[in-house]
Amino acid sequence: MNELLIFDLDDTLFETKSISKQSVKPIFEKFESLLIKEFGKETTEQIVPELWKYPFDFVAQKYKFNNNLNSKFARLVNEYEYQLNIKTFEDFGVVQNLKQEKILVTTGFLKLQNAKIRDLGIEEKFSEIHIDNILDPKRIHKKGIFKNILLDKKIDPKLIYVIGDNPNSELKAGFELELNTIQVSRFGQEKSEYAKHCITDFNELITILK
């Protein structure tokens, strides 16, 4: 039976820092004013840099954003028209040439994640694309998506590889489901306890999959 490869998107297929701050600056400027009303200027000055660096849901939980604040940020994100001008990592060609079935599973705001995928031009490179929408009230997270893929594909978990950079997201979910986990460590991250393998570029995938 053929192997199945499940890829993450952000900092796995492209570098999130490559998104120009200018391209999404209007969102953050409007949200910053809302944060100041809620937390004051001093705390807001701590929050905003973290919003650029970490996933929104992580920051929202850390600072205990209320539902109203979350909803207002979501509205800003979902009403914005994105012009991102981003590219995949140079070794993405390796992924395209792999013969195994490939599925993309990514977490974030639905419209923004779709904009990234569209701008990268990678829709046709994957047999399926799943977005773990952080604002979905029925959200099942990546672990739930992986479970559904297992049920749908009926593939031996030993033949499924989860490939991503985030120890607390796709790698942990894959590990808990006893899937093969491959950590992409392009920026010197230490190997996670949830990663069976750790690679610095996609050329190393070829050796692992052999």
# chains A, B, ... in the order shown; residues from 1 in each chain; ligands from 1
call {"tool": "select_by_dssp", "arguments": {"residues": "segment 42-205 of chain A", "states": "strand (DSSP E or B)", "output": "PyMOL selection string"}}
result
chain A and resi 101-108+128-133+160-164+180-184+197-199
call {"tool": "residues_around", "arguments": {"residues": "segment 123-132 of chain A", "least_positions_apart": "6", "cutoff": "7 Å", "atoms": "only C-alpha atoms", "output": "list in words"}}
result
Gln96, Glu101, Lys102, Ile103, Leu104, Val105, Thr106, Thr107, Gly108, Leu110, Ile117, Arg139, His141 and Lys142 of chain A
call {"tool": "write_last_selection", "arguments": {"atoms": "N, CA, C and O atoms", "output": "mmCIF file, in the first residue's frame"}}
result
data_model
loop_
_atom_site.group_PDB
_atom_site.id
_atom_site.type_symbol
_atom_site.label_atom_id
_atom_site.label_comp_id
_atom_site.auth_asym_id
_atom_site.auth_seq_id
_atom_site.Cartn_x
_atom_site.Cartn_y
_atom_site.Cartn_z
ATOM 1 N N GLN A 96 6.890 18.323 -4.666
ATOM 2 C CA GLN A 96 6.076 18.144 -5.869
ATOM 3 C C GLN A 96 6.398 16.839 -6.583
ATOM 4 O O GLN A 96 5.514 16.204 -7.161
ATOM 5 N N GLU A 101 0.800 10.090 -2.193
ATOM 6 C CA GLU A 101 -0.316 11.017 -2.082
ATOM 7 C C GLU A 101 0.018 12.055 -1.017
ATOM 8 O O GLU A 101 0.560 11.733 0.048
ATOM 9 N N LYS A 102 -0.325 13.308 -1.283
ATOM 10 C CA LYS A 102 -0.008 14.411 -0.369
ATOM 11 C C LYS A 102 -1.274 15.175 0.012
ATOM 12 O O LYS A 102 -2.077 15.523 -0.846
ATOM 13 N N ILE A 103 -1.424 15.417 1.302
ATOM 14 C CA ILE A 103 -2.552 16.174 1.836
ATOM 15 C C ILE A 103 -2.001 17.354 2.627
ATOM 16 O O ILE A 103 -1.001 17.233 3.332
ATOM 17 N N LEU A 104 -2.654 18.506 2.488
ATOM 18 C CA LEU A 104 -2.243 19.706 3.222
ATOM 19 C C LEU A 104 -3.237 19.965 4.356
ATOM 20 O O LEU A 104 -4.443 19.995 4.133
ATOM 21 N N VAL A 105 -2.713 20.131 5.576
ATOM 22 C CA VAL A 105 -3.550 20.452 6.731
ATOM 23 C C VAL A 105 -2.934 21.661 7.432
ATOM 24 O O VAL A 105 -1.792 21.600 7.904
ATOM 25 N N THR A 106 -3.666 22.753 7.479
ATOM 26 C CA THR A 106 -3.127 23.994 8.035
ATOM 27 C C THR A 106 -4.106 24.627 9.005
ATOM 28 O O THR A 106 -5.321 24.461 8.890
ATOM 29 N N THR A 107 -3.571 25.360 9.978
ATOM 30 C CA THR A 107 -4.383 26.018 10.998
ATOM 31 C C THR A 107 -4.332 27.534 10.822
ATOM 32 O O THR A 107 -3.277 28.098 10.521
ATOM 33 N N GLY A 108 -5.467 28.189 11.018
ATOM 34 C CA GLY A 108 -5.485 29.650 10.959
ATOM 35 C C GLY A 108 -6.875 30.169 10.629
ATOM 36 O O GLY A 108 -7.868 29.447 10.725
ATOM 37 N N LEU A 110 -9.691 31.158 8.116
ATOM 38 C CA LEU A 110 -10.048 30.526 6.851
ATOM 39 C C LEU A 110 -9.656 31.366 5.636
ATOM 40 O O LEU A 110 -8.978 30.869 4.719
ATOM 41 N N ILE A 117 -2.539 29.906 0.359
ATOM 42 C CA ILE A 117 -2.505 28.752 -0.548
ATOM 43 C C ILE A 117 -2.650 29.198 -1.996
ATOM 44 O O ILE A 117 -1.927 28.743 -2.884
ATOM 45 N N ARG A 139 -14.808 23.358 15.827
ATOM 46 C CA ARG A 139 -13.416 23.049 15.501
ATOM 47 C C ARG A 139 -12.970 21.724 16.119
ATOM 48 O O ARG A 139 -13.219 21.458 17.292
ATOM 49 N N HIS A 141 -9.646 20.665 15.532
ATOM 50 C CA HIS A 141 -8.192 20.788 15.562
ATOM 51 C C HIS A 141 -7.537 19.790 14.594
ATOM 52 O O HIS A 141 -8.212 18.984 13.953
ATOM 53 N N LYS A 142 -6.235 19.867 14.495
ATOM 54 C CA LYS A 142 -5.531 19.005 13.543
ATOM 55 C C LYS A 142 -5.671 17.528 13.903
ATOM 56 O O LYS A 142 -5.756 16.676 13.022
#
call {"tool": "atom_distance", "arguments": {"atom1": "atom CA of Lys41 of chain A", "atom2": "atom CA of Asn67 of chain A"}}
result
20.3 Å
call {"tool": "atom_distance", "arguments": {"atom1": "atom CA of Val48 of chain A", "atom2": "atom CA of Ala173 of chain A"}}
result
28.2 Å
call {"tool": "residues_around", "arguments": {"residues": "Phe109 of chain A", "least_positions_apart": "4", "cutoff": "8 Å", "atoms": "only C-alpha atoms", "output": "ChimeraX atom specification"}}
result
/A:74,77-78,113,133-135
call {"tool": "atom_distance", "arguments": {"atom1": "atom CA of Leu150 of chain A", "atom2": "atom CA of Asp57 of chain A"}}
result
25.9 Å
call {"tool": "closest_residue", "arguments": {"among": "A:Ile206, A:Leu35, A:Ile27, A:Ile163", "to": "Leu76 of chain A", "atoms": "only C-alpha atoms"}}
result
A:Ile27
call {"tool": "closest_atom_pairs", "arguments": {"of": "segment 20-139 of chain A", "to": "segment 183-204 of chain A", "cutoff": "10 Å", "atoms": "only C-alpha atoms", "output": "Markdown table"}}
result
| residue | atom | partner | partner_atom | distance |
| --- | --- | --- | --- | --- |
| A:Phe89 | CA | A:Asp201 | CA | 9.1 |
| A:Glu90 | CA | A:Asp201 | CA | 9.4 |
| A:Asp91 | CA | A:Phe202 | CA | 6.1 |
| A:Phe92 | CA | A:Phe202 | CA | 7.2 |
| A:Gly93 | CA | A:Phe202 | CA | 8.8 |
| A:Val94 | CA | A:Phe202 | CA | 6.2 |
| A:Val95 | CA | A:Phe202 | CA | 6.9 |
call {"tool": "write_last_selection", "arguments": {"atoms": "all heavy atoms", "output": "tab-separated table (two decimals), in the first residue's frame"}}
result
chain	number	residue	atom	x	y	z
A	89	PHE	N	9.34	27.62	-0.08
A	89	PHE	CA	10.78	27.42	0.07
A	89	PHE	C	11.33	26.84	-1.23
A	89	PHE	O	10.63	26.14	-1.97
A	89	PHE	CB	11.07	26.46	1.23
A	89	PHE	CG	10.86	27.06	2.59
A	89	PHE	CD1	9.87	26.57	3.43
A	89	PHE	CD2	11.65	28.11	3.04
A	89	PHE	CE1	9.67	27.12	4.69
A	89	PHE	CE2	11.47	28.66	4.29
A	89	PHE	CZ	10.48	28.18	5.13
A	90	GLU	N	12.61	27.11	-1.49
A	90	GLU	CA	13.22	26.70	-2.76
A	90	GLU	C	13.17	25.19	-2.99
A	90	GLU	O	13.13	24.75	-4.14
A	90	GLU	CB	14.66	27.20	-2.83
A	90	GLU	CG	14.78	28.71	-2.97
A	90	GLU	CD	16.21	29.17	-3.14
A	90	GLU	OE1	17.11	28.30	-3.16
A	90	GLU	OE2	16.44	30.39	-3.26
A	91	ASP	N	13.17	24.40	-1.91
A	91	ASP	CA	13.19	22.95	-2.08
A	91	ASP	C	11.78	22.34	-2.19
A	91	ASP	O	11.62	21.12	-2.11
A	91	ASP	CB	13.97	22.28	-0.95
A	91	ASP	CG	13.41	22.60	0.44
A	91	ASP	OD1	12.43	23.36	0.53
A	91	ASP	OD2	13.96	22.08	1.43
A	92	PHE	N	10.77	23.18	-2.38
A	92	PHE	CA	9.41	22.65	-2.52
A	92	PHE	C	9.30	21.74	-3.75
A	92	PHE	O	8.43	20.85	-3.80
A	92	PHE	CB	8.39	23.79	-2.62
A	92	PHE	CG	6.97	23.32	-2.74
A	92	PHE	CD1	6.35	22.69	-1.68
A	92	PHE	CD2	6.26	23.48	-3.93
A	92	PHE	CE1	5.04	22.24	-1.79
A	92	PHE	CE2	4.95	23.03	-4.04
A	92	PHE	CZ	4.35	22.41	-2.96
A	93	GLY	N	10.16	21.92	-4.71
A	93	GLY	CA	10.15	21.05	-5.88
A	93	GLY	C	10.32	19.59	-5.52
A	93	GLY	O	9.79	18.70	-6.20
A	94	VAL	N	11.04	19.32	-4.44
A	94	VAL	CA	11.21	17.95	-3.96
A	94	VAL	C	9.86	17.37	-3.59
A	94	VAL	O	9.53	16.23	-3.91
A	94	VAL	CB	12.17	17.90	-2.76
A	94	VAL	CG1	12.24	16.49	-2.17
A	94	VAL	CG2	13.56	18.37	-3.15
A	95	VAL	N	9.06	18.17	-2.89
A	95	VAL	CA	7.72	17.72	-2.47
A	95	VAL	C	6.86	17.44	-3.69
A	95	VAL	O	6.17	16.41	-3.75
A	95	VAL	CB	7.06	18.80	-1.58
A	95	VAL	CG1	5.61	18.44	-1.29
A	95	VAL	CG2	7.84	18.99	-0.30
call {"tool": "closest_residue", "arguments": {"among": "A:Leu171, A:Pro49, A:Lys143, A:Arg75", "to": "Lys111 of chain A", "atoms": "only C-alpha atoms"}}
result
A:Arg75
call {"tool": "residues_around", "arguments": {"residues": "Val24 of chain A", "least_positions_apart": "5", "cutoff": "9 Å", "atoms": "only C-alpha atoms", "output": "VMD selection string"}}
result
chain A and resid 19 77 80 82 to 84
call {"tool": "closest_residue", "arguments": {"among": "A:Thr88, A:Gln46, A:Ser33, A:Asn66", "to": "Leu13 of chain A", "atoms": "only C-alpha atoms"}}
result
A:Thr88
call {"tool": "residues_around", "arguments": {"residues": "Phe73 of chain A", "least_positions_apart": "6", "cutoff": "9 Å", "atoms": "only C-alpha atoms", "output": "ChimeraX atom specification"}}
result
/A:27-28,30-31
call {"tool": "write_last_selection", "arguments": {"atoms": "C-alpha atoms", "output": "PDB file, in the first residue's frame"}}
result
ATOM      1  CA  ILE A  27      -5.586  44.865  10.067  1.00  0.00           C
ATOM      2  CA  PHE A  28      -3.098  45.308  12.875  1.00  0.00           C
ATOM      3  CA  LYS A  30      -7.268  48.729  13.551  1.00  0.00           C
ATOM      4  CA  PHE A  31      -6.896  45.864  16.018  1.00  0.00           C
TER       5      PHE A  31
END
call {"tool": "closest_residue", "arguments": {"among": "A:Lys37, A:Lys147, A:Lys99, A:Lys158", "to": "Asn180 of chain A", "atoms": "only C-alpha atoms"}}
result
A:Lys158
call {"tool": "closest_residue", "arguments": {"among": "A:Thr12, A:Asn97, A:Asn68, A:Asn2", "to": "Asn166 of chain A", "atoms": "only C-alpha atoms"}}
result
A:Thr12
call {"tool": "closest_residue", "arguments": {"among": "A:Glu38, A:Glu3, A:Glu170, A:Glu176", "to": "Leu98 of chain A", "atoms": "only C-alpha atoms"}}
result
A:Glu3
